[in-house]
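See below for input_32.txt, which holds compact mmCIF, N, CA and C atoms.
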```
# COMPACT_ATOMS: atom_id res chain seq x y z
N MET K 1 59.32 77.39 143.25
CA MET K 1 59.54 77.15 141.84
C MET K 1 59.04 78.38 141.06
N LYS K 2 59.86 78.83 140.15
CA LYS K 2 59.49 79.94 139.27
C LYS K 2 59.11 79.35 137.91
N THR K 3 57.98 79.76 137.39
CA THR K 3 57.52 79.26 136.10
C THR K 3 57.70 80.37 135.07
N ILE K 4 58.44 80.06 134.03
CA ILE K 4 58.74 81.01 132.97
C ILE K 4 57.93 80.63 131.74
N PHE K 5 57.11 81.55 131.27
CA PHE K 5 56.25 81.34 130.10
C PHE K 5 56.87 82.11 128.94
N TYR K 6 57.15 81.42 127.84
CA TYR K 6 57.86 82.04 126.71
C TYR K 6 57.29 81.55 125.39
N ASP K 7 57.66 82.25 124.32
CA ASP K 7 57.22 81.91 122.97
C ASP K 7 58.26 81.00 122.32
N GLY K 8 57.98 79.73 122.30
CA GLY K 8 58.91 78.75 121.74
C GLY K 8 59.02 78.76 120.24
N LYS K 9 58.13 79.48 119.55
CA LYS K 9 58.23 79.59 118.09
C LYS K 9 59.07 80.79 117.67
N CYS K 10 59.42 81.63 118.60
CA CYS K 10 60.30 82.78 118.33
C CYS K 10 61.74 82.28 118.50
N GLY K 11 62.52 82.37 117.43
CA GLY K 11 63.89 81.88 117.48
C GLY K 11 64.73 82.53 118.57
N LEU K 12 64.65 83.85 118.69
CA LEU K 12 65.42 84.56 119.71
C LEU K 12 64.97 84.13 121.11
N CYS K 13 63.66 84.10 121.32
CA CYS K 13 63.12 83.72 122.63
C CYS K 13 63.56 82.30 123.00
N ARG K 14 63.44 81.40 122.05
CA ARG K 14 63.79 80.00 122.27
C ARG K 14 65.28 79.86 122.62
N ARG K 15 66.15 80.56 121.87
CA ARG K 15 67.58 80.48 122.15
C ARG K 15 67.91 81.06 123.53
N GLU K 16 67.27 82.15 123.86
CA GLU K 16 67.53 82.76 125.16
C GLU K 16 67.10 81.85 126.30
N ILE K 17 65.93 81.28 126.19
CA ILE K 17 65.45 80.36 127.23
C ILE K 17 66.35 79.13 127.29
N GLU K 18 66.78 78.64 126.15
CA GLU K 18 67.69 77.49 126.14
C GLU K 18 68.99 77.83 126.88
N HIS K 19 69.48 79.05 126.71
CA HIS K 19 70.67 79.50 127.44
C HIS K 19 70.43 79.41 128.96
N TYR K 20 69.29 79.93 129.41
CA TYR K 20 69.00 79.91 130.85
C TYR K 20 68.75 78.49 131.35
N ARG K 21 68.14 77.66 130.53
CA ARG K 21 67.93 76.26 130.91
C ARG K 21 69.27 75.55 131.12
N LYS K 22 70.18 75.76 130.18
CA LYS K 22 71.50 75.14 130.30
C LYS K 22 72.24 75.68 131.52
N LEU K 23 72.14 76.97 131.74
CA LEU K 23 72.78 77.59 132.89
C LEU K 23 72.22 77.01 134.20
N ALA K 24 70.92 76.87 134.26
CA ALA K 24 70.28 76.30 135.45
C ALA K 24 70.72 74.85 135.66
N ALA K 25 70.79 74.08 134.58
CA ALA K 25 71.22 72.68 134.69
C ALA K 25 72.68 72.61 135.14
N LYS K 26 73.51 73.46 134.57
CA LYS K 26 74.93 73.48 134.92
C LYS K 26 75.13 73.81 136.39
N GLN K 27 74.30 74.72 136.90
CA GLN K 27 74.41 75.12 138.30
C GLN K 27 73.52 74.28 139.21
N ARG K 28 72.89 73.27 138.62
CA ARG K 28 72.02 72.35 139.37
C ARG K 28 70.89 73.08 140.09
N LEU K 29 70.34 74.06 139.39
CA LEU K 29 69.19 74.80 139.92
C LEU K 29 67.92 74.15 139.40
N ASP K 30 67.09 73.69 140.28
CA ASP K 30 65.82 73.10 139.86
C ASP K 30 64.67 74.01 140.28
N ARG K 31 64.91 75.31 140.18
CA ARG K 31 63.94 76.30 140.64
C ARG K 31 63.04 76.81 139.53
N PHE K 32 63.17 76.24 138.33
CA PHE K 32 62.41 76.75 137.19
C PHE K 32 61.57 75.67 136.54
N GLU K 33 60.42 76.11 136.07
CA GLU K 33 59.60 75.33 135.14
C GLU K 33 59.52 76.19 133.89
N TRP K 34 59.75 75.60 132.74
CA TRP K 34 59.77 76.33 131.46
C TRP K 34 58.54 75.93 130.67
N VAL K 35 57.71 76.90 130.30
CA VAL K 35 56.45 76.62 129.62
C VAL K 35 56.41 77.38 128.29
N ASP K 36 56.28 76.63 127.23
CA ASP K 36 56.19 77.19 125.87
C ASP K 36 54.71 77.48 125.58
N VAL K 37 54.32 78.75 125.64
CA VAL K 37 52.92 79.10 125.42
C VAL K 37 52.51 79.03 123.95
N ALA K 38 53.49 78.99 123.04
CA ALA K 38 53.16 78.80 121.62
C ALA K 38 52.73 77.36 121.38
N ALA K 39 53.33 76.43 122.10
CA ALA K 39 53.01 75.01 121.93
C ALA K 39 51.78 74.60 122.74
N ASP K 40 51.50 75.32 123.82
CA ASP K 40 50.38 74.98 124.70
C ASP K 40 49.57 76.23 125.00
N ALA K 41 48.56 76.48 124.19
CA ALA K 41 47.73 77.68 124.34
C ALA K 41 47.06 77.75 125.70
N SER K 42 46.71 76.61 126.27
CA SER K 42 46.01 76.60 127.55
C SER K 42 46.90 77.03 128.71
N ALA K 43 48.22 77.00 128.52
CA ALA K 43 49.14 77.39 129.59
C ALA K 43 48.94 78.84 130.01
N ALA K 44 48.54 79.68 129.07
CA ALA K 44 48.34 81.11 129.38
C ALA K 44 47.25 81.31 130.43
N SER K 45 46.32 80.39 130.51
CA SER K 45 45.24 80.52 131.49
C SER K 45 45.79 80.48 132.92
N ARG K 46 46.93 79.84 133.13
CA ARG K 46 47.55 79.83 134.46
C ARG K 46 47.95 81.24 134.88
N LEU K 47 48.15 82.11 133.89
CA LEU K 47 48.52 83.50 134.15
C LEU K 47 47.30 84.41 134.23
N GLY K 48 46.14 83.89 133.82
CA GLY K 48 44.94 84.70 133.77
C GLY K 48 44.86 85.57 132.54
N VAL K 49 45.57 85.17 131.47
CA VAL K 49 45.57 85.92 130.21
C VAL K 49 45.31 84.95 129.06
N ASP K 50 45.03 85.53 127.89
CA ASP K 50 44.87 84.69 126.70
C ASP K 50 46.25 84.41 126.09
N GLN K 51 46.27 83.49 125.12
CA GLN K 51 47.53 83.10 124.50
C GLN K 51 48.22 84.28 123.82
N ALA K 52 47.45 85.14 123.15
CA ALA K 52 48.05 86.28 122.46
C ALA K 52 48.80 87.18 123.43
N THR K 53 48.24 87.44 124.58
CA THR K 53 48.90 88.27 125.59
C THR K 53 50.16 87.59 126.11
N ALA K 54 50.08 86.29 126.30
CA ALA K 54 51.26 85.54 126.77
C ALA K 54 52.35 85.51 125.71
N LEU K 55 51.97 85.56 124.44
CA LEU K 55 52.96 85.59 123.36
C LEU K 55 53.55 86.98 123.18
N MET K 56 52.77 87.99 123.46
CA MET K 56 53.23 89.37 123.28
C MET K 56 54.39 89.70 124.23
N HIS K 57 54.25 89.31 125.49
CA HIS K 57 55.27 89.60 126.50
C HIS K 57 55.62 88.31 127.23
N MET K 58 56.89 88.17 127.55
CA MET K 58 57.29 87.04 128.37
C MET K 58 56.68 87.22 129.75
N HIS K 59 56.21 86.14 130.33
CA HIS K 59 55.60 86.17 131.66
C HIS K 59 56.29 85.15 132.56
N ALA K 60 56.11 85.34 133.85
CA ALA K 60 56.59 84.38 134.83
C ALA K 60 55.67 84.41 136.04
N MET K 61 55.67 83.31 136.75
CA MET K 61 54.97 83.23 138.02
C MET K 61 56.02 82.87 139.07
N ASP K 62 56.10 83.65 140.13
CA ASP K 62 57.11 83.40 141.15
C ASP K 62 56.64 82.35 142.16
N ASP K 63 57.43 82.15 143.18
CA ASP K 63 57.18 81.10 144.17
C ASP K 63 55.86 81.26 144.92
N VAL K 64 55.36 82.48 145.01
CA VAL K 64 54.11 82.72 145.75
C VAL K 64 52.92 82.96 144.82
N GLY K 65 53.13 82.77 143.51
CA GLY K 65 52.04 82.89 142.55
C GLY K 65 51.86 84.26 141.94
N LYS K 66 52.75 85.19 142.26
CA LYS K 66 52.66 86.52 141.66
C LYS K 66 53.13 86.46 140.22
N VAL K 67 52.39 87.12 139.33
CA VAL K 67 52.72 87.13 137.90
C VAL K 67 53.61 88.33 137.59
N HIS K 68 54.66 88.08 136.82
CA HIS K 68 55.61 89.11 136.38
C HIS K 68 55.57 89.14 134.86
N ARG K 69 55.91 90.30 134.28
CA ARG K 69 55.84 90.46 132.83
C ARG K 69 57.03 91.26 132.32
N GLY K 70 57.48 90.92 131.12
CA GLY K 70 58.52 91.69 130.45
C GLY K 70 59.85 91.69 131.18
N VAL K 71 60.41 92.88 131.39
CA VAL K 71 61.72 93.05 132.02
C VAL K 71 61.75 92.40 133.40
N ASP K 72 60.63 92.43 134.10
CA ASP K 72 60.58 91.86 135.45
C ASP K 72 60.82 90.35 135.43
N VAL K 73 60.52 89.69 134.32
CA VAL K 73 60.78 88.25 134.20
C VAL K 73 62.29 88.01 134.19
N PHE K 74 63.01 88.85 133.47
CA PHE K 74 64.47 88.70 133.44
C PHE K 74 65.05 88.91 134.84
N ARG K 75 64.58 89.93 135.51
CA ARG K 75 65.07 90.17 136.88
C ARG K 75 64.78 88.99 137.78
N LEU K 76 63.60 88.40 137.63
CA LEU K 76 63.22 87.23 138.42
C LEU K 76 64.17 86.06 138.15
N MET K 77 64.50 85.84 136.89
CA MET K 77 65.42 84.75 136.54
C MET K 77 66.83 85.08 137.01
N TRP K 78 67.28 86.30 136.74
CA TRP K 78 68.66 86.67 137.03
C TRP K 78 68.99 86.58 138.51
N GLU K 79 68.00 86.79 139.37
CA GLU K 79 68.28 86.72 140.81
C GLU K 79 68.70 85.31 141.24
N GLU K 80 68.40 84.32 140.42
CA GLU K 80 68.77 82.94 140.75
C GLU K 80 70.18 82.57 140.31
N PHE K 81 70.77 83.35 139.41
CA PHE K 81 72.09 83.03 138.88
C PHE K 81 73.14 83.98 139.46
N PRO K 82 74.12 83.44 140.19
CA PRO K 82 75.10 84.31 140.86
C PRO K 82 75.74 85.35 139.94
N ARG K 83 76.12 84.99 138.74
CA ARG K 83 76.79 85.94 137.86
C ARG K 83 75.84 86.95 137.22
N TRP K 84 74.56 86.74 137.35
CA TRP K 84 73.58 87.64 136.74
C TRP K 84 72.90 88.55 137.77
N ARG K 85 73.09 88.27 139.04
CA ARG K 85 72.40 89.04 140.09
C ARG K 85 72.67 90.54 140.02
N LEU K 86 73.92 90.88 139.77
CA LEU K 86 74.29 92.30 139.70
C LEU K 86 73.54 93.00 138.56
N LEU K 87 73.43 92.33 137.43
CA LEU K 87 72.68 92.92 136.31
C LEU K 87 71.21 93.09 136.69
N GLY K 88 70.67 92.13 137.42
CA GLY K 88 69.29 92.24 137.89
C GLY K 88 69.09 93.45 138.80
N LYS K 89 70.05 93.67 139.68
CA LYS K 89 69.97 94.84 140.56
C LYS K 89 70.10 96.14 139.75
N PHE K 90 71.01 96.13 138.79
CA PHE K 90 71.23 97.32 137.95
C PHE K 90 69.97 97.67 137.17
N ILE K 91 69.37 96.66 136.57
CA ILE K 91 68.17 96.92 135.75
C ILE K 91 66.97 97.29 136.62
N GLY K 92 67.10 97.06 137.93
CA GLY K 92 66.04 97.46 138.85
C GLY K 92 66.12 98.91 139.29
N LEU K 93 67.23 99.58 138.96
CA LEU K 93 67.35 101.00 139.32
C LEU K 93 66.29 101.81 138.57
N PRO K 94 65.67 102.77 139.23
CA PRO K 94 64.53 103.47 138.63
C PRO K 94 64.73 103.98 137.20
N GLY K 95 65.75 104.74 136.91
CA GLY K 95 65.94 105.26 135.55
C GLY K 95 66.28 104.15 134.56
N VAL K 96 67.13 103.24 134.99
CA VAL K 96 67.53 102.12 134.13
C VAL K 96 66.31 101.24 133.85
N ASN K 97 65.52 100.99 134.87
CA ASN K 97 64.34 100.15 134.71
C ASN K 97 63.35 100.77 133.73
N ALA K 98 63.15 102.08 133.84
CA ALA K 98 62.23 102.76 132.92
C ALA K 98 62.70 102.62 131.47
N LEU K 99 63.99 102.80 131.24
CA LEU K 99 64.53 102.63 129.88
C LEU K 99 64.43 101.19 129.40
N ALA K 100 64.73 100.25 130.29
CA ALA K 100 64.65 98.83 129.93
C ALA K 100 63.21 98.46 129.57
N ARG K 101 62.25 98.97 130.31
CA ARG K 101 60.83 98.69 130.02
C ARG K 101 60.43 99.25 128.65
N LEU K 102 60.87 100.47 128.37
CA LEU K 102 60.57 101.06 127.06
C LEU K 102 61.18 100.24 125.93
N GLY K 103 62.43 99.85 126.09
CA GLY K 103 63.11 99.05 125.08
C GLY K 103 62.45 97.70 124.89
N TYR K 104 62.11 97.05 126.00
CA TYR K 104 61.46 95.74 125.91
C TYR K 104 60.11 95.86 125.24
N GLU K 105 59.35 96.86 125.62
CA GLU K 105 58.00 97.05 125.04
C GLU K 105 58.08 97.25 123.53
N ALA K 106 59.02 98.06 123.08
CA ALA K 106 59.18 98.29 121.63
C ALA K 106 59.56 96.99 120.94
N PHE K 107 60.52 96.27 121.51
CA PHE K 107 60.94 94.99 120.94
C PHE K 107 59.77 94.01 120.89
N ALA K 108 59.03 93.92 121.99
CA ALA K 108 57.92 92.96 122.08
C ALA K 108 56.85 93.24 121.01
N ARG K 109 56.52 94.48 120.80
CA ARG K 109 55.50 94.83 119.80
C ARG K 109 55.97 94.51 118.38
N ILE K 110 57.21 94.83 118.08
CA ILE K 110 57.76 94.53 116.75
C ILE K 110 57.80 93.02 116.53
N ARG K 111 58.32 92.30 117.51
CA ARG K 111 58.43 90.84 117.41
C ARG K 111 57.05 90.21 117.24
N PHE K 112 56.08 90.69 118.00
CA PHE K 112 54.72 90.14 117.94
C PHE K 112 54.12 90.31 116.55
N ARG K 113 54.36 91.47 115.92
CA ARG K 113 53.82 91.72 114.58
C ARG K 113 54.49 90.87 113.51
N MET K 114 55.73 90.46 113.75
CA MET K 114 56.51 89.71 112.76
C MET K 114 56.08 88.25 112.62
N TYR K 115 55.57 87.65 113.67
CA TYR K 115 55.32 86.21 113.68
C TYR K 115 53.86 85.88 113.38
N PRO K 116 53.63 85.08 112.36
CA PRO K 116 52.25 84.69 112.01
C PRO K 116 51.50 84.02 113.16
N HIS K 117 52.18 83.18 113.93
CA HIS K 117 51.46 82.48 115.01
C HIS K 117 50.95 83.46 116.07
N CYS K 118 51.64 84.58 116.25
CA CYS K 118 51.17 85.60 117.19
C CYS K 118 49.92 86.28 116.64
N GLN K 119 49.92 86.55 115.36
CA GLN K 119 48.76 87.19 114.73
C GLN K 119 47.54 86.28 114.74
N ILE K 120 47.76 84.99 114.55
CA ILE K 120 46.66 84.01 114.62
C ILE K 120 46.08 84.00 116.03
N ALA K 121 46.95 83.96 117.03
CA ALA K 121 46.49 83.97 118.43
C ALA K 121 45.72 85.26 118.74
N LYS K 122 46.18 86.37 118.19
CA LYS K 122 45.51 87.66 118.40
C LYS K 122 44.09 87.63 117.81
N ARG K 123 43.98 87.11 116.57
CA ARG K 123 42.66 87.01 115.94
C ARG K 123 41.74 86.08 116.72
N GLU K 124 42.26 84.97 117.18
CA GLU K 124 41.46 84.02 117.95
C GLU K 124 40.99 84.64 119.26
N ALA K 125 41.86 85.42 119.90
CA ALA K 125 41.49 86.07 121.17
C ALA K 125 40.40 87.12 120.95
N SER K 126 40.51 87.85 119.85
CA SER K 126 39.51 88.90 119.61
C SER K 126 38.17 88.34 119.14
N SER K 127 38.18 87.13 118.62
CA SER K 127 36.92 86.53 118.17
C SER K 127 36.25 85.70 119.27
N ALA K 128 36.95 85.51 120.37
CA ALA K 128 36.40 84.70 121.46
C ALA K 128 35.48 85.48 122.36
```
Rewrite the structure from the file as structure tokens, please.
Amino acid sequence: MKTIFYDGKCGLCRREIEHYRKLAAKQRLDRFEWVDVAADASAASRLGVDQATALMHMHAMDDVGKVHRGVDVFRLMWEEFPRWRLLGKFIGLPGVNALARLGYEAFARIRFRMYPHCQIAKREASSA
């Protein structure tokens, strides 16, 4: 079972995860657990991070307990969907992967600054 940790208060994140949930249901894949870290702050502890870190970047835990972050989460999900596998392999190519990581990191930082709930989690983490 792959566990996907996402920000359910982010409209884009929520819509994207809903797309993958529907795709998994349509293909009768029961290989995923979907965890909204915005709704459950304690869920981030399963990753060994605080809620702010879990909100900053999408995270996943694979079948053997290894934690993945950012672009690697998409690759982890895409490998389960036949029509997405090729994209997963493509984004795994060294140059493509480096660009994808840069793009994701920039997006993640901008998105994190935009949402009040992320800033609250950041303040709580720094005061703990």
Can you pull out the residues contacting range 78-91 of chain K? Cut-off 9 Å, using only C-alpha atoms, and skip same-chain residues under 6 positions away; I want them as a PDB file with N, CA and C atoms, in the frame of the given file.
```pdb
ATOM      1  N   LEU K  23      72.140  76.970 131.740  1.00  0.00           N
ATOM      2  CA  LEU K  23      72.780  77.590 132.890  1.00  0.00           C
ATOM      3  C   LEU K  23      72.220  77.010 134.200  1.00  0.00           C
ATOM      4  N   ALA K  24      70.920  76.870 134.260  1.00  0.00           N
ATOM      5  CA  ALA K  24      70.280  76.300 135.450  1.00  0.00           C
ATOM      6  C   ALA K  24      70.720  74.850 135.660  1.00  0.00           C
ATOM      7  N   GLN K  27      74.300  74.720 136.900  1.00  0.00           N
ATOM      8  CA  GLN K  27      74.410  75.120 138.300  1.00  0.00           C
ATOM      9  C   GLN K  27      73.520  74.280 139.210  1.00  0.00           C
ATOM     10  N   LEU K  29      70.340  74.060 139.390  1.00  0.00           N
ATOM     11  CA  LEU K  29      69.190  74.800 139.920  1.00  0.00           C
ATOM     12  C   LEU K  29      67.920  74.150 139.400  1.00  0.00           C
ATOM     13  N   ARG K  31      64.910  75.310 140.180  1.00  0.00           N
ATOM     14  CA  ARG K  31      63.940  76.300 140.640  1.00  0.00           C
ATOM     15  C   ARG K  31      63.040  76.810 139.530  1.00  0.00           C
ATOM     16  N   VAL K  71      60.410  92.880 131.390  1.00  0.00           N
ATOM     17  CA  VAL K  71      61.720  93.050 132.020  1.00  0.00           C
ATOM     18  C   VAL K  71      61.750  92.400 133.400  1.00  0.00           C
ATOM     19  N   ASN K  97      65.520 100.990 134.870  1.00  0.00           N
ATOM     20  CA  ASN K  97      64.340 100.150 134.710  1.00  0.00           C
ATOM     21  C   ASN K  97      63.350 100.770 133.730  1.00  0.00           C
ATOM     22  N   ALA K  98      63.150 102.080 133.840  1.00  0.00           N
ATOM     23  CA  ALA K  98      62.230 102.760 132.920  1.00  0.00           C
ATOM     24  C   ALA K  98      62.700 102.620 131.470  1.00  0.00           C
ATOM     25  N   LEU K  99      63.990 102.800 131.240  1.00  0.00           N
ATOM     26  CA  LEU K  99      64.530 102.630 129.880  1.00  0.00           C
ATOM     27  C   LEU K  99      64.430 101.190 129.400  1.00  0.00           C
ATOM     28  N   ALA K 100      64.730 100.250 130.290  1.00  0.00           N
ATOM     29  CA  ALA K 100      64.650  98.830 129.930  1.00  0.00           C
ATOM     30  C   ALA K 100      63.210  98.460 129.570  1.00  0.00           C
TER      31      ALA K 100
END
```
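Using only N, CA and C atoms for every distance, the candidate list K:Tyr20, K:Phe107, K:Tyr115, K:Tyr6 yields K:Tyr6 as the residue closest to Val35 in chain K.
You can rank K:Ala38, K:Ala54, K:Leu47, K:Ala60 by their closest distance to Lys9 in chain K using all atoms listed in the file, and at the top of that list sits K:Ala38.
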Find the spatial neighbours of Ile4 in chain K, counting only N, CA and C atoms, within a cut-off of 6 Å - ignore same-chain residues fewer than 4 positions away - and output them as a PyMOL selection string.
chain K and resi 32-35+59-61
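Between Ala108 in chain K and the candidates K:Met58, K:Leu12, K:Val73, K:Ala41, the tightest atom-to-atom separation, counting only N, CA and C atoms, involves K:Met58.
With only C-alpha atoms as the basis for measurement, K:Val37 is the residue among K:Ala128, K:Val37, K:Leu102, K:Ala43 that approaches Cys13 in chain K most closely.
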Counting only C-alpha atoms, what is within 12 Å of Ala39 in chain K, bar same-chain residues fewer than 5 positions away, as number ranges by chain?
K: 5-10, 14, 34, 44, 51, 54-55, 117-118, 121
Output N, CA and C atoms for every residue in that selection, as an mmCIF file, keeping the file's coordinate frame.
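Generated file (selection.cif):
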```
data_model
loop_
_atom_site.group_PDB
_atom_site.id
_atom_site.type_symbol
_atom_site.label_atom_id
_atom_site.label_comp_id
_atom_site.auth_asym_id
_atom_site.auth_seq_id
_atom_site.Cartn_x
_atom_site.Cartn_y
_atom_site.Cartn_z
ATOM 1 N N PHE K 5 57.110 81.550 131.270
ATOM 2 C CA PHE K 5 56.250 81.340 130.100
ATOM 3 C C PHE K 5 56.870 82.110 128.940
ATOM 4 N N TYR K 6 57.150 81.420 127.840
ATOM 5 C CA TYR K 6 57.860 82.040 126.710
ATOM 6 C C TYR K 6 57.290 81.550 125.390
ATOM 7 N N ASP K 7 57.660 82.250 124.320
ATOM 8 C CA ASP K 7 57.220 81.910 122.970
ATOM 9 C C ASP K 7 58.260 81.000 122.320
ATOM 10 N N GLY K 8 57.980 79.730 122.300
ATOM 11 C CA GLY K 8 58.910 78.750 121.740
ATOM 12 C C GLY K 8 59.020 78.760 120.240
ATOM 13 N N LYS K 9 58.130 79.480 119.550
ATOM 14 C CA LYS K 9 58.230 79.590 118.090
ATOM 15 C C LYS K 9 59.070 80.790 117.670
ATOM 16 N N CYS K 10 59.420 81.630 118.600
ATOM 17 C CA CYS K 10 60.300 82.780 118.330
ATOM 18 C C CYS K 10 61.740 82.280 118.500
ATOM 19 N N ARG K 14 63.440 81.400 122.050
ATOM 20 C CA ARG K 14 63.790 80.000 122.270
ATOM 21 C C ARG K 14 65.280 79.860 122.620
ATOM 22 N N TRP K 34 59.750 75.600 132.740
ATOM 23 C CA TRP K 34 59.770 76.330 131.460
ATOM 24 C C TRP K 34 58.540 75.930 130.670
ATOM 25 N N ALA K 44 48.540 79.680 129.070
ATOM 26 C CA ALA K 44 48.340 81.110 129.380
ATOM 27 C C ALA K 44 47.250 81.310 130.430
ATOM 28 N N GLN K 51 46.270 83.490 125.120
ATOM 29 C CA GLN K 51 47.530 83.100 124.500
ATOM 30 C C GLN K 51 48.220 84.280 123.820
ATOM 31 N N ALA K 54 50.080 86.290 126.300
ATOM 32 C CA ALA K 54 51.260 85.540 126.770
ATOM 33 C C ALA K 54 52.350 85.510 125.710
ATOM 34 N N LEU K 55 51.970 85.560 124.440
ATOM 35 C CA LEU K 55 52.960 85.590 123.360
ATOM 36 C C LEU K 55 53.550 86.980 123.180
ATOM 37 N N HIS K 117 52.180 83.180 113.930
ATOM 38 C CA HIS K 117 51.460 82.480 115.010
ATOM 39 C C HIS K 117 50.950 83.460 116.070
ATOM 40 N N CYS K 118 51.640 84.580 116.250
ATOM 41 C CA CYS K 118 51.170 85.600 117.190
ATOM 42 C C CYS K 118 49.920 86.280 116.640
ATOM 43 N N ALA K 121 46.950 83.960 117.030
ATOM 44 C CA ALA K 121 46.490 83.970 118.430
ATOM 45 C C ALA K 121 45.720 85.260 118.740
#
```
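Picture a line from CA of Gln119 in chain K to atom N of His19 in chain K; it runs 25.3 Å.
Our summary of the geometry notes that CA of Val49 in chain K is positioned 21.3 Å from atom N of Ile17 in chain K.
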What is the distance between atom C of Ser126 in chain K and atom N of Ala52 in chain K, in Å to one decimal?
10.6 Å
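Every residue of range 2-95 of chain K with a DSSP assignment of strand (DSSP E or B), taken from the backbone, is listed as Lys2, Thr3, Ile4, Phe5, Tyr6, Phe32, Glu33, Trp34, Val35, Asp36, His59, Ala60, Met61, Val67, His68 and Arg69 of chain K.
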Kindly save the residues from that selection, with N, CA and C atoms included, as a PDB file, in the coordinates of the input.
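File produced: out-v8.pdb:
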```
ATOM      1  N   LYS K   2      59.860  78.830 140.150  1.00  0.00           N
ATOM      2  CA  LYS K   2      59.490  79.940 139.270  1.00  0.00           C
ATOM      3  C   LYS K   2      59.110  79.350 137.910  1.00  0.00           C
ATOM      4  N   THR K   3      57.980  79.760 137.390  1.00  0.00           N
ATOM      5  CA  THR K   3      57.520  79.260 136.100  1.00  0.00           C
ATOM      6  C   THR K   3      57.700  80.370 135.070  1.00  0.00           C
ATOM      7  N   ILE K   4      58.440  80.060 134.030  1.00  0.00           N
ATOM      8  CA  ILE K   4      58.740  81.010 132.970  1.00  0.00           C
ATOM      9  C   ILE K   4      57.930  80.630 131.740  1.00  0.00           C
ATOM     10  N   PHE K   5      57.110  81.550 131.270  1.00  0.00           N
ATOM     11  CA  PHE K   5      56.250  81.340 130.100  1.00  0.00           C
ATOM     12  C   PHE K   5      56.870  82.110 128.940  1.00  0.00           C
ATOM     13  N   TYR K   6      57.150  81.420 127.840  1.00  0.00           N
ATOM     14  CA  TYR K   6      57.860  82.040 126.710  1.00  0.00           C
ATOM     15  C   TYR K   6      57.290  81.550 125.390  1.00  0.00           C
ATOM     16  N   PHE K  32      63.170  76.240 138.330  1.00  0.00           N
ATOM     17  CA  PHE K  32      62.410  76.750 137.190  1.00  0.00           C
ATOM     18  C   PHE K  32      61.570  75.670 136.540  1.00  0.00           C
ATOM     19  N   GLU K  33      60.420  76.110 136.070  1.00  0.00           N
ATOM     20  CA  GLU K  33      59.600  75.330 135.140  1.00  0.00           C
ATOM     21  C   GLU K  33      59.520  76.190 133.890  1.00  0.00           C
ATOM     22  N   TRP K  34      59.750  75.600 132.740  1.00  0.00           N
ATOM     23  CA  TRP K  34      59.770  76.330 131.460  1.00  0.00           C
ATOM     24  C   TRP K  34      58.540  75.930 130.670  1.00  0.00           C
ATOM     25  N   VAL K  35      57.710  76.900 130.300  1.00  0.00           N
ATOM     26  CA  VAL K  35      56.450  76.620 129.620  1.00  0.00           C
ATOM     27  C   VAL K  35      56.410  77.380 128.290  1.00  0.00           C
ATOM     28  N   ASP K  36      56.280  76.630 127.230  1.00  0.00           N
ATOM     29  CA  ASP K  36      56.190  77.190 125.870  1.00  0.00           C
ATOM     30  C   ASP K  36      54.710  77.480 125.580  1.00  0.00           C
ATOM     31  N   HIS K  59      56.210  86.140 130.330  1.00  0.00           N
ATOM     32  CA  HIS K  59      55.600  86.170 131.660  1.00  0.00           C
ATOM     33  C   HIS K  59      56.290  85.150 132.560  1.00  0.00           C
ATOM     34  N   ALA K  60      56.110  85.340 133.850  1.00  0.00           N
ATOM     35  CA  ALA K  60      56.590  84.380 134.830  1.00  0.00           C
ATOM     36  C   ALA K  60      55.670  84.410 136.040  1.00  0.00           C
ATOM     37  N   MET K  61      55.670  83.310 136.750  1.00  0.00           N
ATOM     38  CA  MET K  61      54.970  83.230 138.020  1.00  0.00           C
ATOM     39  C   MET K  61      56.020  82.870 139.070  1.00  0.00           C
ATOM     40  N   VAL K  67      52.390  87.120 139.330  1.00  0.00           N
ATOM     41  CA  VAL K  67      52.720  87.130 137.900  1.00  0.00           C
ATOM     42  C   VAL K  67      53.610  88.330 137.590  1.00  0.00           C
ATOM     43  N   HIS K  68      54.660  88.080 136.820  1.00  0.00           N
ATOM     44  CA  HIS K  68      55.610  89.110 136.380  1.00  0.00           C
ATOM     45  C   HIS K  68      55.570  89.140 134.860  1.00  0.00           C
ATOM     46  N   ARG K  69      55.910  90.300 134.280  1.00  0.00           N
ATOM     47  CA  ARG K  69      55.840  90.460 132.830  1.00  0.00           C
ATOM     48  C   ARG K  69      57.030  91.260 132.320  1.00  0.00           C
TER      49      ARG K  69
END
```
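Between Lys66 in chain K and the residues K:Ile120, K:Met1, K:Ala25, K:Ala125, the shortest atom-to-atom distance, using only C-alpha atoms, involves K:Met1.
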